[in-house]
$ cat run25.cif   # mmCIF, C-alpha atoms and all ligand atoms
data_input
#
loop_
_atom_site.label_atom_id
_atom_site.label_comp_id
_atom_site.auth_asym_id
_atom_site.auth_seq_id
_atom_site.Cartn_x
_atom_site.Cartn_y
_atom_site.Cartn_z
CA MET L 1 136.87 76.83 109.14
CA VAL L 2 135.67 80.31 110.35
CA THR L 3 138.51 82.82 110.28
CA PRO L 4 138.60 85.68 112.87
CA ALA L 5 138.15 88.19 110.04
CA LEU L 6 134.98 86.46 108.83
CA LEU L 7 133.68 86.30 112.40
CA LEU L 8 134.25 90.05 112.81
CA VAL L 9 132.36 90.81 109.59
CA VAL L 10 129.41 88.68 110.75
CA LEU L 11 129.41 90.42 114.15
CA LEU L 12 129.53 93.89 112.60
CA LEU L 13 126.56 93.02 110.41
CA PHE L 14 124.61 91.54 113.31
CA VAL L 15 125.15 94.18 116.02
CA PRO L 16 123.41 97.15 114.33
CA TRP L 17 120.45 94.88 113.49
CA THR L 18 120.00 93.85 117.13
CA VAL L 19 120.31 97.47 118.31
CA THR L 20 117.61 98.73 115.93
CA GLN L 21 115.30 95.82 116.78
CA LYS L 22 115.67 96.27 120.56
CA ASN L 23 112.92 98.84 120.95
CA GLY L 24 110.67 97.42 118.28
CA GLN L 25 109.43 99.49 115.39
CA ASP L 26 108.17 102.99 116.14
CA SER L 27 104.93 103.93 114.49
CA ASP L 28 102.60 106.91 114.54
CA PHE L 29 98.97 107.03 115.45
CA GLU L 30 96.70 110.01 115.79
CA LEU L 31 95.73 111.23 119.26
CA VAL L 32 92.82 113.66 119.28
CA VAL L 33 91.79 115.58 122.40
CA VAL L 34 88.12 116.50 122.32
CA ASN L 35 86.17 118.52 124.86
CA SER L 36 82.52 117.57 124.36
CA ILE L 37 81.40 119.67 127.32
CA LEU L 38 82.99 123.06 126.57
CA ASN L 39 83.21 122.38 122.80
CA THR L 40 86.67 123.94 122.60
CA LYS L 41 88.89 123.36 119.57
CA ASN L 42 90.08 119.75 119.13
CA MET L 43 93.82 119.18 119.45
CA THR L 44 95.54 116.56 117.29
CA TYR L 45 98.91 114.98 118.06
CA LEU L 46 101.05 112.33 116.37
CA PRO L 47 102.60 110.31 119.20
CA LYS L 48 105.07 107.50 118.62
CA VAL L 49 104.42 104.04 119.98
CA VAL L 50 106.60 100.95 119.83
CA THR L 51 105.10 97.74 118.46
CA GLY L 52 102.63 96.44 121.01
CA GLY L 53 103.29 99.46 123.24
CA ILE L 54 100.61 100.84 125.56
CA LEU L 55 98.85 104.17 125.15
CA LEU L 56 100.15 105.42 128.51
CA GLY L 57 103.75 105.01 127.33
CA ALA L 58 103.04 106.87 124.09
CA MET L 59 101.33 109.67 126.06
CA LYS L 60 104.33 109.99 128.40
CA THR L 61 106.70 110.15 125.43
CA LEU L 62 104.49 112.78 123.78
CA GLU L 63 104.30 114.84 126.98
CA ALA L 64 108.11 114.82 127.25
CA SER L 65 108.52 116.13 123.68
CA ASP L 66 105.52 118.44 123.24
CA SER L 67 104.86 121.28 125.69
CA ASP L 68 101.30 121.59 124.29
CA PHE L 69 100.34 118.22 125.73
CA ASN L 70 100.11 117.20 129.36
CA PHE L 71 98.07 114.80 131.42
CA THR L 72 97.73 113.32 134.89
CA TYR L 73 96.47 109.98 136.09
CA THR L 74 95.72 108.23 139.34
CA GLU L 75 96.42 104.61 140.15
CA ASP L 76 93.43 102.32 140.72
CA LEU L 77 94.18 99.18 142.72
CA ASN L 78 92.16 96.95 140.38
CA TYR L 79 92.29 98.57 136.95
CA GLY L 80 95.58 100.48 136.91
CA PRO L 81 96.02 104.03 135.59
CA TYR L 82 92.89 106.20 135.51
CA LEU L 83 93.16 109.25 133.23
CA GLU L 84 92.39 112.19 135.48
CA SER L 85 93.24 115.29 133.40
CA VAL L 86 94.35 116.29 129.91
CA ASN L 87 95.84 119.70 129.13
CA GLY L 88 94.74 121.05 132.52
CA VAL L 89 91.10 119.90 132.26
CA PHE L 90 90.21 117.57 135.14
CA GLY L 91 87.47 114.99 135.32
CA ASN L 92 85.52 115.28 138.52
CA HIS L 93 83.37 112.66 140.26
CA LYS L 94 81.30 115.38 141.93
CA ASP L 95 80.35 116.93 138.55
CA HIS L 96 80.14 113.50 136.89
CA THR L 97 82.78 114.43 134.31
CA TYR L 98 85.58 112.19 133.03
CA TRP L 99 87.98 111.56 130.16
CA GLU L 100 86.52 108.85 127.97
CA LEU L 101 88.82 106.70 125.83
CA LEU L 102 87.65 106.07 122.27
CA GLY L 103 89.25 104.52 119.21
CA GLN L 104 88.42 105.05 115.57
CA SER L 105 89.61 102.52 113.04
CA VAL L 106 90.04 103.06 109.28
CA ASP L 107 86.52 101.81 108.62
CA ASP L 108 85.28 104.87 110.58
CA ASN L 109 83.71 102.99 113.49
CA ILE L 110 84.23 104.79 116.77
CA THR L 111 84.47 102.30 119.59
CA ARG L 112 84.62 102.85 123.33
CA ALA L 113 87.70 101.15 124.75
CA ASN L 114 86.98 98.42 127.26
CA VAL L 115 90.30 98.97 129.07
CA GLY L 116 92.13 102.05 130.39
CA ILE L 117 95.24 103.87 129.13
CA GLY L 118 97.55 101.39 130.88
CA CYS L 119 96.26 98.44 128.84
CA TYR L 120 95.16 100.07 125.59
CA ILE L 121 97.43 99.27 122.63
CA PRO L 122 97.05 101.80 119.79
CA ARG L 123 97.24 100.46 116.26
CA PRO L 124 99.39 102.34 113.70
CA THR L 125 96.52 103.61 111.54
CA GLU L 126 94.16 104.26 114.40
CA MET L 127 92.79 107.52 115.73
CA VAL L 128 92.67 107.46 119.52
CA ILE L 129 90.26 109.99 121.00
CA LEU L 130 90.41 111.39 124.54
CA ASN L 131 86.93 112.77 125.01
CA TYR L 132 86.04 114.99 127.96
CA THR L 133 82.44 114.16 128.72
CA SER L 134 79.97 113.39 131.49
CA TRP L 135 78.20 110.27 132.71
C1 LIG W 201 80.87 103.25 137.02
C2 LIG W 201 82.03 102.92 136.14
C3 LIG W 201 82.72 103.98 135.55
C4 LIG W 201 82.44 105.42 135.90
C5 LIG W 201 83.17 105.69 137.28
C6 LIG W 201 82.70 106.94 137.97
C7 LIG W 201 81.56 106.72 138.92
N1 LIG W 201 81.68 107.17 140.10
O1 LIG W 201 80.55 106.16 138.59
C8 LIG W 201 83.07 106.18 134.68
C9 LIG W 201 81.98 106.50 133.67
C10 LIG W 201 83.86 107.44 135.01
C11 LIG W 201 83.99 105.09 134.09
C12 LIG W 201 84.96 105.38 133.17
C13 LIG W 201 85.71 104.41 132.50
N2 LIG W 201 85.60 103.07 132.66
CO1 LIG W 201 84.50 102.23 134.00
N3 LIG W 201 83.35 101.24 135.07
C14 LIG W 201 82.42 101.57 135.90
C15 LIG W 201 81.74 100.30 136.48
C16 LIG W 201 80.43 100.08 135.70
C17 LIG W 201 81.46 100.33 137.98
C18 LIG W 201 82.64 100.81 138.86
C19 LIG W 201 82.15 100.97 140.31
O2 LIG W 201 81.43 101.91 140.61
N4 LIG W 201 82.53 100.05 141.20
C20 LIG W 201 82.08 100.09 142.58
C21 LIG W 201 82.96 101.01 143.45
C22 LIG W 201 82.49 101.04 144.92
O3 LIG W 201 84.31 100.50 143.46
P1 LIG W 201 85.54 101.46 143.14
O4 LIG W 201 86.80 100.65 143.09
O5 LIG W 201 85.56 102.65 144.01
O6 LIG W 201 85.18 101.94 141.65
C23 LIG W 201 85.97 102.88 141.02
C24 LIG W 201 86.80 102.28 139.88
O7 LIG W 201 86.05 101.23 139.26
C25 LIG W 201 86.99 103.51 138.97
N5 LIG W 201 86.92 103.16 137.56
C26 LIG W 201 85.83 103.04 136.82
N6 LIG W 201 86.12 102.71 135.57
C27 LIG W 201 87.48 102.65 135.53
C28 LIG W 201 88.32 102.35 134.45
C29 LIG W 201 89.69 102.34 134.65
C30 LIG W 201 90.60 101.99 133.51
C31 LIG W 201 90.23 102.65 135.94
C32 LIG W 201 91.69 102.67 136.15
C33 LIG W 201 89.36 102.93 137.01
C34 LIG W 201 88.01 102.93 136.78
O8 LIG W 201 85.90 104.42 139.25
C35 LIG W 201 85.07 103.86 140.28
C36 LIG W 201 84.55 104.98 141.12
O9 LIG W 201 85.60 105.75 141.68
C37 LIG W 201 82.82 99.23 136.13
C38 LIG W 201 82.31 97.80 135.86
C39 LIG W 201 81.83 97.13 137.12
N7 LIG W 201 80.62 96.66 137.08
O10 LIG W 201 82.58 97.07 138.09
C40 LIG W 201 83.48 99.83 134.85
C41 LIG W 201 84.90 99.47 134.53
C42 LIG W 201 85.75 99.49 135.78
N8 LIG W 201 85.28 100.57 133.63
C43 LIG W 201 86.01 100.20 132.65
C44 LIG W 201 86.49 101.05 131.63
C45 LIG W 201 87.22 100.40 130.48
C46 LIG W 201 86.33 102.44 131.69
C47 LIG W 201 86.88 103.47 130.70
C48 LIG W 201 88.32 103.23 130.26
C49 LIG W 201 85.91 103.50 129.51
C50 LIG W 201 86.35 104.39 128.38
N9 LIG W 201 86.52 103.80 127.22
O11 LIG W 201 86.51 105.58 128.55
C51 LIG W 201 86.71 104.80 131.52
C52 LIG W 201 87.95 105.28 132.27
C53 LIG W 201 88.74 106.28 131.41
C54 LIG W 201 89.76 107.00 132.23
N10 LIG W 201 89.50 108.27 132.47
O12 LIG W 201 90.79 106.44 132.59
C55 LIG W 201 86.34 98.72 132.70
C56 LIG W 201 87.79 98.50 133.21
C57 LIG W 201 88.42 97.29 132.56
C58 LIG W 201 89.92 97.36 132.60
N11 LIG W 201 90.54 96.22 132.83
O13 LIG W 201 90.54 98.38 132.38
C59 LIG W 201 85.18 98.20 133.62
C60 LIG W 201 85.56 96.94 134.42
C61 LIG W 201 83.98 97.90 132.69
C62 LIG W 201 84.28 96.82 131.66
N12 LIG W 201 84.69 97.17 130.46
O14 LIG W 201 84.16 95.68 131.90
N13 LIG W 201 83.67 103.88 134.57
#

$ encode --input "run25.cif" --output "structure tokens" --more "lines below"
Ligand code: B12
Amino acid sequence: MVTPALLLVVLLLFVPWTVTQKNGQDSDFELVVVNSILNTKNMTYLPKVVTGGILLGAMKTLEASDSDFNFTYTEDLNYGPYLESVNGVFGNHKDHTYWELLGQSVDDNITRANVGIGCYIPRPTEMVILNYTSW
């Protein structure tokens, strides 16, 4: 038979576990802001992302905690959030400039993401690069 005292002990053990699991496991990845047009100094950040979390969420969390990082985006009907500016530098259709999204894995291959910031899921060891460039 389960006594009330035993039930309480089980509950007390279980509750903190469920609370810590609720938001998944936070992990760091590296976010590097590169300006390939003006060749200004790269900026590196260590945002937190929950397991399976999207880049946009990690960027919003970073922006809220670090006054040296800010960004804006517009909403595209078909593809979701389009990264418009980073740290005050705006991409511009007229000048053919934009913020390109790149990822670099541990094996050093830089790949161009095939989705935007609203769908991109950073991996814990990855370096995500926001590259201001032209097309
Ligand atoms: C041209 C193009 C671009 C140009 C758009 C500027 C221009 N005026 O030419 C540039 C080079 C800027 C671009 C950038 C990117 N693109 Co693009 N692009 C295209 C392409 C080849 C044609 C779009 C188009 O002209 N449609 C015709 C016009 C009339 O329709 P439109 O709705 O007005 O088009 C606009 C949107 O498509 C928007 N757009 C373009 N790319 C992207 C990407 C995202 C994530 C968003 C939200 C909007 C968006 O810009 C267009 C012009 O205003 C499509 C593939 C295709 N064949 O459709 C890929 C495509 C839309 N792009 C894609 C991607 C992934 C990107 C990037 C994330 C690539 C990267 N790694 O950096 C970046 C966006 C980064 C950011 N800042 O958020 C993917 C989107 C997939 C997805 N589900 O997210 C597509 C489908 C290609 C693919 N991989 O299959 N792109």

$ residues_near_ligand --input "run25.cif" --ligand "ligand LIG 201 (chain W)" --cutoff "7 Å" --atoms "all atoms listed in the file" --output "compact mmCIF listing (two decimals) with C-alpha atoms, in the coordinates of the input"
# COMPACT_ATOMS: atom_id res chain seq x y z
CA GLU L 75 96.42 104.61 140.15
CA ASP L 76 93.43 102.32 140.72
CA TYR L 79 92.29 98.57 136.95
CA GLY L 80 95.58 100.48 136.91
CA PRO L 81 96.02 104.03 135.59
CA TYR L 82 92.89 106.20 135.51
CA LEU L 83 93.16 109.25 133.23
CA GLU L 84 92.39 112.19 135.48
CA HIS L 93 83.37 112.66 140.26
CA TYR L 98 85.58 112.19 133.03
CA TRP L 99 87.98 111.56 130.16
CA GLU L 100 86.52 108.85 127.97
CA LEU L 101 88.82 106.70 125.83
CA LEU L 102 87.65 106.07 122.27
CA ARG L 112 84.62 102.85 123.33
CA ALA L 113 87.70 101.15 124.75
CA ASN L 114 86.98 98.42 127.26
CA VAL L 115 90.30 98.97 129.07
CA GLY L 116 92.13 102.05 130.39
CA ILE L 117 95.24 103.87 129.13
CA CYS L 119 96.26 98.44 128.84
CA TRP L 135 78.20 110.27 132.71

$ closest_residue --input "run25.cif" --among "L:Pro47, L:Gly91, L:Gly52, L:Gly57" --to "L:Glu30" --atoms "all atoms listed in the file"
L:Pro47

$ closest_residue --input "run25.cif" --among "L:Ser85, L:Asn78, L:Asn92, L:Thr51" --to "L:Pro124" --atoms "all atoms listed in the file"
L:Thr51

$ residues_around --input "run25.cif" --residues "L:Phe69" --least-positions-apart "6" --cutoff "9 Å" --atoms "all atoms listed in the file" --output "compact mmCIF listing (two decimals) with C-alpha atoms, in the frame of the given file"
# COMPACT_ATOMS: atom_id res chain seq x y z
CA TYR L 45 98.91 114.98 118.06
CA MET L 59 101.33 109.67 126.06
CA LEU L 62 104.49 112.78 123.78
CA GLU L 63 104.30 114.84 126.98
CA VAL L 86 94.35 116.29 129.91
CA ASN L 87 95.84 119.70 129.13

$ residues_near_point --input "run25.cif" --point "(87.4, 115.0, 122.8)" --cutoff "10 Å" --atoms "all atoms listed in the file" --output "JSON, numbers by chain"
{"L": [31, 32, 33, 34, 35, 36, 37, 38, 39, 40, 41, 42, 43, 44, 99, 100, 101, 102, 128, 129, 130, 131, 132, 133]}

$ atom_distance --input "run25.cif" --atom1 "atom CA of L:Ala58" --atom2 "atom CA of L:Glu126"
13.4 Å

$ decode --input "run25.cif" --residues "stretch 4-131 of chain L" --atoms "C-alpha atoms" --output "PDB file, in the first residue's frame"
ATOM      1  CA  PRO L   4       0.633   9.529   1.993  1.00  0.00           C
ATOM      2  CA  ALA L   5       4.184  10.181   3.217  1.00  0.00           C
ATOM      3  CA  LEU L   6       5.670   8.006   0.474  1.00  0.00           C
ATOM      4  CA  LEU L   7       3.454   9.696  -2.111  1.00  0.00           C
ATOM      5  CA  LEU L   8       4.685  13.122  -0.959  1.00  0.00           C
ATOM      6  CA  VAL L   9       8.324  12.047  -1.251  1.00  0.00           C
ATOM      7  CA  VAL L  10       7.728  10.769  -4.798  1.00  0.00           C
ATOM      8  CA  LEU L  11       5.973  14.026  -5.746  1.00  0.00           C
ATOM      9  CA  LEU L  12       8.754  16.183  -4.298  1.00  0.00           C
ATOM     10  CA  LEU L  13      11.309  14.220  -6.301  1.00  0.00           C
ATOM     11  CA  PHE L  14       9.264  14.428  -9.490  1.00  0.00           C
ATOM     12  CA  VAL L  15       8.222  18.108  -9.486  1.00  0.00           C
ATOM     13  CA  PRO L  16      11.690  19.718  -9.770  1.00  0.00           C
ATOM     14  CA  TRP L  17      12.554  17.276 -12.584  1.00  0.00           C
ATOM     15  CA  THR L  18       9.490  18.288 -14.611  1.00  0.00           C
ATOM     16  CA  VAL L  19      10.182  21.995 -14.025  1.00  0.00           C
ATOM     17  CA  THR L  20      13.784  21.769 -15.263  1.00  0.00           C
ATOM     18  CA  GLN L  21      12.764  19.681 -18.273  1.00  0.00           C
ATOM     19  CA  LYS L  22       9.945  22.037 -19.306  1.00  0.00           C
ATOM     20  CA  ASN L  23      12.082  24.371 -21.386  1.00  0.00           C
ATOM     21  CA  GLY L  24      14.433  21.716 -22.674  1.00  0.00           C
ATOM     22  CA  GLN L  25      18.156  21.941 -22.232  1.00  0.00           C
ATOM     23  CA  ASP L  26      19.818  25.284 -22.902  1.00  0.00           C
ATOM     24  CA  SER L  27      22.947  25.149 -24.981  1.00  0.00           C
ATOM     25  CA  ASP L  28      25.363  27.659 -26.458  1.00  0.00           C
ATOM     26  CA  PHE L  29      26.324  28.155 -30.045  1.00  0.00           C
ATOM     27  CA  GLU L  30      28.485  30.826 -31.575  1.00  0.00           C
ATOM     28  CA  LEU L  31      26.860  33.651 -33.524  1.00  0.00           C
ATOM     29  CA  VAL L  32      29.283  35.669 -35.630  1.00  0.00           C
ATOM     30  CA  VAL L  33      28.284  38.903 -37.353  1.00  0.00           C
ATOM     31  CA  VAL L  34      30.405  39.560 -40.427  1.00  0.00           C
ATOM     32  CA  ASN L  35      30.300  42.572 -42.730  1.00  0.00           C
ATOM     33  CA  SER L  36      31.826  41.409 -46.017  1.00  0.00           C
ATOM     34  CA  ILE L  37      31.072  44.726 -47.711  1.00  0.00           C
ATOM     35  CA  LEU L  38      32.567  47.256 -45.279  1.00  0.00           C
ATOM     36  CA  ASN L  39      35.008  44.715 -43.770  1.00  0.00           C
ATOM     37  CA  THR L  40      34.380  46.018 -40.260  1.00  0.00           C
ATOM     38  CA  LYS L  41      35.433  43.991 -37.215  1.00  0.00           C
ATOM     39  CA  ASN L  42      33.520  40.716 -36.739  1.00  0.00           C
ATOM     40  CA  MET L  43      31.355  40.486 -33.629  1.00  0.00           C
ATOM     41  CA  THR L  44      30.985  37.161 -31.808  1.00  0.00           C
ATOM     42  CA  TYR L  45      28.165  36.294 -29.412  1.00  0.00           C
ATOM     43  CA  LEU L  46      27.241  33.197 -27.402  1.00  0.00           C
ATOM     44  CA  PRO L  47      23.442  32.993 -27.532  1.00  0.00           C
ATOM     45  CA  LYS L  48      21.452  30.353 -25.695  1.00  0.00           C
ATOM     46  CA  VAL L  49      19.049  28.101 -27.530  1.00  0.00           C
ATOM     47  CA  VAL L  50      16.723  25.437 -26.176  1.00  0.00           C
ATOM     48  CA  THR L  51      16.900  21.953 -27.667  1.00  0.00           C
ATOM     49  CA  GLY L  52      15.425  22.112 -31.152  1.00  0.00           C
ATOM     50  CA  GLY L  53      14.882  25.876 -30.785  1.00  0.00           C
ATOM     51  CA  ILE L  54      14.953  28.197 -33.789  1.00  0.00           C
ATOM     52  CA  LEU L  55      17.635  30.785 -34.501  1.00  0.00           C
ATOM     53  CA  LEU L  56      15.104  33.635 -34.373  1.00  0.00           C
ATOM     54  CA  GLY L  57      14.224  32.752 -30.770  1.00  0.00           C
ATOM     55  CA  ALA L  58      17.883  32.626 -29.767  1.00  0.00           C
ATOM     56  CA  MET L  59      18.481  36.003 -31.458  1.00  0.00           C
ATOM     57  CA  LYS L  60      15.536  37.568 -29.607  1.00  0.00           C
ATOM     58  CA  THR L  61      16.825  36.211 -26.293  1.00  0.00           C
ATOM     59  CA  LEU L  62      20.305  37.536 -27.084  1.00  0.00           C
ATOM     60  CA  GLU L  63      18.938  40.959 -28.052  1.00  0.00           C
ATOM     61  CA  ALA L  64      17.053  41.172 -24.742  1.00  0.00           C
ATOM     62  CA  SER L  65      20.205  40.433 -22.719  1.00  0.00           C
ATOM     63  CA  ASP L  66      22.969  42.109 -24.751  1.00  0.00           C
ATOM     64  CA  SER L  67      22.753  45.788 -25.688  1.00  0.00           C
ATOM     65  CA  ASP L  68      25.532  45.242 -28.273  1.00  0.00           C
ATOM     66  CA  PHE L  69      23.253  43.092 -30.411  1.00  0.00           C
ATOM     67  CA  ASN L  70      20.103  44.117 -32.234  1.00  0.00           C
ATOM     68  CA  PHE L  71      18.296  43.104 -35.370  1.00  0.00           C
ATOM     69  CA  THR L  72      15.094  43.643 -37.334  1.00  0.00           C
ATOM     70  CA  TYR L  73      13.139  41.393 -39.634  1.00  0.00           C
ATOM     71  CA  THR L  74      10.166  41.582 -41.938  1.00  0.00           C
ATOM     72  CA  GLU L  75       7.514  38.933 -42.392  1.00  0.00           C
ATOM     73  CA  ASP L  76       7.305  37.213 -45.773  1.00  0.00           C
ATOM     74  CA  LEU L  77       3.953  35.596 -46.543  1.00  0.00           C
ATOM     75  CA  ASN L  78       5.550  32.432 -47.923  1.00  0.00           C
ATOM     76  CA  TYR L  79       8.881  32.022 -46.141  1.00  0.00           C
ATOM     77  CA  GLY L  80       8.376  33.706 -42.765  1.00  0.00           C
ATOM     78  CA  PRO L  81      10.883  36.051 -41.107  1.00  0.00           C
ATOM     79  CA  TYR L  82      13.356  37.787 -43.429  1.00  0.00           C
ATOM     80  CA  LEU L  83      16.426  39.200 -41.660  1.00  0.00           C
ATOM     81  CA  GLU L  84      16.466  42.864 -42.593  1.00  0.00           C
ATOM     82  CA  SER L  85      19.150  44.435 -40.368  1.00  0.00           C
ATOM     83  CA  VAL L  86      21.793  43.490 -37.812  1.00  0.00           C
ATOM     84  CA  ASN L  87      23.357  46.029 -35.445  1.00  0.00           C
ATOM     85  CA  GLY L  88      21.909  48.918 -37.453  1.00  0.00           C
ATOM     86  CA  VAL L  89      23.158  47.719 -40.863  1.00  0.00           C
ATOM     87  CA  PHE L  90      20.251  47.220 -43.269  1.00  0.00           C
ATOM     88  CA  GLY L  91      20.083  45.048 -46.349  1.00  0.00           C
ATOM     89  CA  ASN L  92      18.654  46.927 -49.278  1.00  0.00           C
ATOM     90  CA  HIS L  93      17.016  45.553 -52.433  1.00  0.00           C
ATOM     91  CA  LYS L  94      17.965  48.691 -54.361  1.00  0.00           C
ATOM     92  CA  ASP L  95      21.690  48.232 -53.579  1.00  0.00           C
ATOM     93  CA  HIS L  96      21.407  44.435 -53.848  1.00  0.00           C
ATOM     94  CA  THR L  97      22.650  43.940 -50.293  1.00  0.00           C
ATOM     95  CA  TYR L  98      21.322  41.428 -47.753  1.00  0.00           C
ATOM     96  CA  TRP L  99      22.144  39.445 -44.630  1.00  0.00           C
ATOM     97  CA  GLU L 100      23.158  35.961 -45.665  1.00  0.00           C
ATOM     98  CA  LEU L 101      22.743  33.064 -43.237  1.00  0.00           C
ATOM     99  CA  LEU L 102      25.661  30.632 -43.038  1.00  0.00           C
ATOM    100  CA  GLY L 103      26.540  27.751 -40.751  1.00  0.00           C
ATOM    101  CA  GLN L 104      29.931  26.282 -39.981  1.00  0.00           C
ATOM    102  CA  SER L 105      30.122  22.837 -38.464  1.00  0.00           C
ATOM    103  CA  VAL L 106      33.042  21.343 -36.513  1.00  0.00           C
ATOM    104  CA  ASP L 107      34.497  19.854 -39.682  1.00  0.00           C
ATOM    105  CA  ASP L 108      35.021  23.449 -40.908  1.00  0.00           C
ATOM    106  CA  ASN L 109      32.603  23.336 -43.837  1.00  0.00           C
ATOM    107  CA  ILE L 110      30.738  26.595 -44.256  1.00  0.00           C
ATOM    108  CA  THR L 111      27.298  25.951 -45.662  1.00  0.00           C
ATOM    109  CA  ARG L 112      24.651  28.378 -46.853  1.00  0.00           C
ATOM    110  CA  ALA L 113      21.406  27.736 -44.993  1.00  0.00           C
ATOM    111  CA  ASN L 114      18.508  26.708 -47.190  1.00  0.00           C
ATOM    112  CA  VAL L 115      15.936  28.199 -44.797  1.00  0.00           C
ATOM    113  CA  GLY L 116      15.599  31.550 -43.013  1.00  0.00           C
ATOM    114  CA  ILE L 117      16.060  32.524 -39.344  1.00  0.00           C
ATOM    115  CA  GLY L 118      12.524  31.380 -38.476  1.00  0.00           C
ATOM    116  CA  CYS L 119      13.235  27.764 -39.469  1.00  0.00           C
ATOM    117  CA  TYR L 120      16.964  27.430 -38.854  1.00  0.00           C
ATOM    118  CA  ILE L 121      17.832  25.253 -35.845  1.00  0.00           C
ATOM    119  CA  PRO L 122      21.373  25.922 -34.553  1.00  0.00           C
ATOM    120  CA  ARG L 123      23.333  22.934 -33.302  1.00  0.00           C
ATOM    121  CA  PRO L 124      25.229  23.254 -29.984  1.00  0.00           C
ATOM    122  CA  THR L 125      28.738  23.142 -31.454  1.00  0.00           C
ATOM    123  CA  GLU L 126      27.911  25.134 -34.538  1.00  0.00           C
ATOM    124  CA  MET L 127      29.068  28.577 -35.587  1.00  0.00           C
ATOM    125  CA  VAL L 128      26.212  30.505 -37.175  1.00  0.00           C
ATOM    126  CA  ILE L 129      27.357  33.376 -39.372  1.00  0.00           C
ATOM    127  CA  LEU L 130      25.264  36.420 -40.309  1.00  0.00           C
ATOM    128  CA  ASN L 131      27.094  37.761 -43.322  1.00  0.00           C
TER     129      ASN L 131
END
